[in-house]
Amino acid sequence: MSSPHPLSASPWWTPSVHADRRPILVARNRIEAAVRGYLAAEAFLLVDPPGLQRSPGNEAHLHAFGTQMIGNDGVGQTMYLHTSPEFSMKKLLAAGETRIASLGHVWRNRERSALHHPEFTLLEWYRAGDSYEAIIADCVALLRLAAVTTGVKALIYKKRRCDPFAQPERLSVVEAFARYAGIDLFASMDGEGVTDGKELARQMAALGMAVPADTSWSYLFSLILTEKVEPHLGMGAITVLDRYPAAEAALARRAPDDRRVSERFELYACGVELANGFGELTDADEQRRRFVAEMDEKQRIYGERYPIDEDFLRALALMPQASGVALGFDRLVMLATAAPRIEAVLWAPVAE
């Protein structure tokens, strides 16, 4: 049975429901055309990475869809639908491409809400030889372009508004935690960025915040970010949440002026996270250490782990210095059309 549209008792494919949805879907196509035009004008080459991968990504809290690839000999091997085209695109950078972009579907399991869908469209792009300041400028330009394309003066999510044409706010993660949660993050790290979950838990308790049973630093960090910080970001103007702690660097390199933090940013509008970008790490040994630590954490929490893409680690030796970012295209359309749920901007939602 097909699932009903979340805002209607009738399925999304009912003609009357589709007629109500269609203006937003047509606006989606206009925004996509404008984005492709921007990328072409900036000399990006659109590439088409495969969704099927040996490793879907190695972040503890990202969950993939697994499948079996059967060879001609009838023997199967486990494969995954990628959670991002990042590994394939960085291999293309290693191969010699310098400015590439992808606009395609990715898959993430255990995610369904007003802002999450198990299959969604990700816009990901890389600039070889450019700092991540250039990638941040791209992000701001694309948010403004989406607003111009739909003819709106503000991005809207529910009752929250963001003026994409206003001067963006630049805020480090440490500054944001101090401002909105009263937390001194640096007090829970040493000079190399090694973290102390007990210190973070102590600060939470001192502020009267509930401390969960899991007091690992990463879990507490995510909890505070989600509950105390994110609701304040991108309100009135775009927020660039910058300089993530090294422990949350993912695939970003450390900042040259402070080893406690990394060249990682996230972009927010209306309290919604739209993009996640890096000054890219090219040290294969450091990347392997991070992948192993992430998979150890995944094993601890969820009882599973994903393989490491050894080809990707080998490619890092050839990859030039670069910056890159992934932007949730469906969320961008949502905010530019004031849609209340992600299904409203999808031509055909995944059945529930």
# chains A, B, ... in the order shown; residues from 1 in each chain; ligands from 1

$ residues_around --residues "A:Thr215" --least-positions-apart "3" --cutoff "8 Å" --atoms "only C-alpha atoms" --output "PyMOL selection string"
chain A and resi 197-198+201+211-212+219-220

$ atom_distance --atom1 "atom CA of A:Arg144" --atom2 "atom CA of A:Pro164"
5.5 Å

$ residues_around --residues "A:Leu92" --least-positions-apart "6" --cutoff "12 Å" --atoms "only C-alpha atoms" --output "PyMOL selection string"
chain A and resi 45-49+85-86+98-102+125-128+311-312+315-316+318-320

$ residues_around --residues "stretch 166-180 of chain A" --least-positions-apart "4" --cutoff "9 Å" --atoms "only C-alpha atoms" --output "JSON list (two decimals) with C-alpha atoms, in the first residue's frame"
[["chain", "number", "residue", "atom", "x", "y", "z"],
["A", 140, "VAL", "CA", 25.92, 31.91, 0.82],
["A", 162, "CYS", "CA", 16.22, 34.15, 7.78],
["A", 184, "ASP", "CA", 33.33, 26.21, 28.14],
["A", 185, "LEU", "CA", 34.28, 23.60, 25.54],
["A", 186, "PHE", "CA", 38.00, 24.35, 25.69],
["A", 224, "ILE", "CA", 24.20, 20.17, 23.75],
["A", 225, "LEU", "CA", 24.57, 21.24, 20.13],
["A", 228, "LYS", "CA", 20.89, 24.30, 23.24],
["A", 229, "VAL", "CA", 22.76, 25.72, 20.27],
["A", 232, "HIS", "CA", 19.45, 29.84, 17.81],
["A", 233, "LEU", "CA", 21.40, 29.56, 14.56],
["A", 234, "GLY", "CA", 20.42, 31.16, 11.28],
["A", 236, "GLY", "CA", 17.43, 36.56, 11.00],
["A", 237, "ALA", "CA", 20.63, 35.97, 9.04],
["A", 238, "ILE", "CA", 22.66, 32.99, 7.85],
["A", 239, "THR", "CA", 24.97, 31.53, 10.52],
["A", 240, "VAL", "CA", 28.31, 29.98, 9.60],
["A", 241, "LEU", "CA", 29.14, 27.74, 12.57],
["A", 242, "ASP", "CA", 32.89, 27.41, 12.21],
["A", 243, "ARG", "CA", 36.02, 25.79, 13.72],
["A", 244, "TYR", "CA", 34.59, 22.52, 15.01],
["A", 245, "PRO", "CA", 36.56, 20.77, 17.77],
["A", 265, "PHE", "CA", 31.92, 24.54, 9.25]]

$ closest_atom_pairs --of "stretch 279-349 of chain A" --to "stretch 148-153 of chain A" --cutoff "10 Å" --atoms "only C-alpha atoms" --output "JSON lines"
{"residue": "A:Val333", "atom": "CA", "partner": "A:Thr150", "partner_atom": "CA", "distance": 9.3}
{"residue": "A:Ala336", "atom": "CA", "partner": "A:Thr150", "partner_atom": "CA", "distance": 6.6}
{"residue": "A:Thr337", "atom": "CA", "partner": "A:Thr150", "partner_atom": "CA", "distance": 7.1}
{"residue": "A:Ala338", "atom": "CA", "partner": "A:Val152", "partner_atom": "CA", "distance": 9.6}

$ closest_residue --among "A:His61, A:His82, A:Arg30, A:Arg254" --to "A:Ala147" --atoms "only C-alpha atoms"
A:Arg30

$ atom_distance --atom1 "atom CA of A:Ser262" --atom2 "atom CA of A:Phe221"
15.3 Å

$ closest_residue --among "A:Gly66, A:Gly279, A:Gly57, A:Gly208" --to "A:Glu310" --atoms "only C-alpha atoms"
A:Gly57

$ atom_distance --atom1 "atom CA of A:Arg253" --atom2 "atom CA of A:Glu280"
5.6 Å

$ residues_around --residues "A:Pro118" --least-positions-apart "3" --cutoff "7 Å" --atoms "only C-alpha atoms" --output "list in words"
Trp107, Arg108, Asn109, Glu111 and Arg112 of chain A

$ write_last_selection --atoms "N, CA and C atoms" --output "PDB file, in the first residue's frame"
ATOM      1  N   TRP A 107      21.624   7.950   0.493  1.00  0.00           N
ATOM      2  CA  TRP A 107      20.721   7.181   1.339  1.00  0.00           C
ATOM      3  C   TRP A 107      21.249   7.135   2.765  1.00  0.00           C
ATOM      4  N   ARG A 108      20.366   7.386   3.718  1.00  0.00           N
ATOM      5  CA  ARG A 108      20.738   7.291   5.125  1.00  0.00           C
ATOM      6  C   ARG A 108      19.609   6.609   5.886  1.00  0.00           C
ATOM      7  N   ASN A 109      19.952   5.531   6.551  1.00  0.00           N
ATOM      8  CA  ASN A 109      18.982   4.734   7.281  1.00  0.00           C
ATOM      9  C   ASN A 109      18.737   5.339   8.667  1.00  0.00           C
ATOM     10  N   GLU A 111      16.693   7.478   9.548  1.00  0.00           N
ATOM     11  CA  GLU A 111      16.428   8.919   9.518  1.00  0.00           C
ATOM     12  C   GLU A 111      15.121   9.195   8.781  1.00  0.00           C
ATOM     13  N   ARG A 112      14.104   9.630   9.533  1.00  0.00           N
ATOM     14  CA  ARG A 112      12.862  10.090   8.915  1.00  0.00           C
ATOM     15  C   ARG A 112      12.179  11.065   9.863  1.00  0.00           C
TER      16      ARG A 112
END

$ decode --residues "stretch 60-132 of chain A" --atoms "C-alpha atoms" --output "mmCIF file, in the first residue's frame"
data_model
loop_
_atom_site.group_PDB
_atom_site.id
_atom_site.type_symbol
_atom_site.label_atom_id
_atom_site.label_comp_id
_atom_site.auth_asym_id
_atom_site.auth_seq_id
_atom_site.Cartn_x
_atom_site.Cartn_y
_atom_site.Cartn_z
ATOM 1 C CA ALA A 60 29.546 6.691 13.931
ATOM 2 C CA HIS A 61 26.032 8.092 13.703
ATOM 3 C CA LEU A 62 25.429 7.740 9.958
ATOM 4 C CA HIS A 63 23.582 4.541 9.049
ATOM 5 C CA ALA A 64 23.658 2.980 5.610
ATOM 6 C CA PHE A 65 21.467 0.674 3.543
ATOM 7 C CA GLY A 66 23.296 -2.598 2.869
ATOM 8 C CA THR A 67 22.811 -4.994 -0.001
ATOM 9 C CA GLN A 68 24.495 -7.929 -1.761
ATOM 10 C CA MET A 69 26.332 -7.637 -5.069
ATOM 11 C CA ILE A 70 26.298 -11.053 -6.731
ATOM 12 C CA GLY A 71 29.162 -11.878 -9.078
ATOM 13 C CA ASN A 72 29.004 -14.027 -12.214
ATOM 14 C CA ASP A 73 30.180 -16.927 -10.055
ATOM 15 C CA GLY A 74 27.094 -16.556 -7.860
ATOM 16 C CA VAL A 75 29.124 -15.406 -4.864
ATOM 17 C CA GLY A 76 27.859 -12.328 -3.049
ATOM 18 C CA GLN A 77 29.698 -9.549 -1.291
ATOM 19 C CA THR A 78 28.250 -6.915 0.989
ATOM 20 C CA MET A 79 27.893 -3.483 -0.567
ATOM 21 C CA TYR A 80 26.257 -0.266 0.623
ATOM 22 C CA LEU A 81 24.362 2.684 -0.807
ATOM 23 C CA HIS A 82 26.517 5.702 -0.101
ATOM 24 C CA THR A 83 25.591 8.282 2.534
ATOM 25 C CA SER A 84 27.600 10.848 0.524
ATOM 26 C CA PRO A 85 29.567 10.765 -2.754
ATOM 27 C CA GLU A 86 32.606 12.083 -0.871
ATOM 28 C CA PHE A 87 34.940 9.112 -1.311
ATOM 29 C CA SER A 88 34.351 8.867 -5.063
ATOM 30 C CA MET A 89 34.698 12.600 -5.572
ATOM 31 C CA LYS A 90 37.979 12.795 -3.672
ATOM 32 C CA LYS A 91 39.304 9.954 -5.815
ATOM 33 C CA LEU A 92 38.456 12.143 -8.823
ATOM 34 C CA LEU A 93 40.434 14.991 -7.232
ATOM 35 C CA ALA A 94 43.335 12.566 -6.831
ATOM 36 C CA ALA A 95 42.939 11.656 -10.507
ATOM 37 C CA GLY A 96 43.475 15.291 -11.480
ATOM 38 C CA GLU A 97 40.095 17.007 -11.502
ATOM 39 C CA THR A 98 40.192 20.430 -9.857
ATOM 40 C CA ARG A 99 36.634 21.746 -9.615
ATOM 41 C CA ILE A 100 33.844 19.167 -9.450
ATOM 42 C CA ALA A 101 30.244 18.973 -8.264
ATOM 43 C CA SER A 102 27.590 16.297 -7.898
ATOM 44 C CA LEU A 103 23.816 16.695 -7.550
ATOM 45 C CA GLY A 104 22.370 13.287 -6.825
ATOM 46 C CA HIS A 105 20.650 10.901 -4.471
ATOM 47 C CA VAL A 106 22.164 9.556 -1.253
ATOM 48 C CA TRP A 107 20.721 7.181 1.339
ATOM 49 C CA ARG A 108 20.738 7.291 5.125
ATOM 50 C CA ASN A 109 18.982 4.734 7.281
ATOM 51 C CA ARG A 110 17.303 5.372 10.662
ATOM 52 C CA GLU A 111 16.428 8.919 9.518
ATOM 53 C CA ARG A 112 12.862 10.090 8.915
ATOM 54 C CA SER A 113 11.355 13.325 10.206
ATOM 55 C CA ALA A 114 10.156 16.707 8.985
ATOM 56 C CA LEU A 115 13.768 17.426 7.928
ATOM 57 C CA HIS A 116 15.012 13.891 7.185
ATOM 58 C CA HIS A 117 14.204 11.397 4.449
ATOM 59 C CA PRO A 118 15.841 7.984 3.879
ATOM 60 C CA GLU A 119 16.632 8.908 0.260
ATOM 61 C CA PHE A 120 17.402 12.542 -0.497
ATOM 62 C CA THR A 121 19.311 14.815 -2.861
ATOM 63 C CA LEU A 122 22.738 16.082 -1.892
ATOM 64 C CA LEU A 123 24.644 18.845 -3.645
ATOM 65 C CA GLU A 124 28.347 18.274 -3.069
ATOM 66 C CA TRP A 125 31.240 20.214 -4.576
ATOM 67 C CA TYR A 126 35.016 20.599 -4.277
ATOM 68 C CA ARG A 127 37.567 23.275 -5.118
ATOM 69 C CA ALA A 128 41.158 22.071 -5.427
ATOM 70 C CA GLY A 129 43.676 24.709 -4.358
ATOM 71 C CA ASP A 130 41.063 26.971 -2.710
ATOM 72 C CA SER A 131 40.560 27.590 1.004
ATOM 73 C CA TYR A 132 37.269 26.747 2.585
#
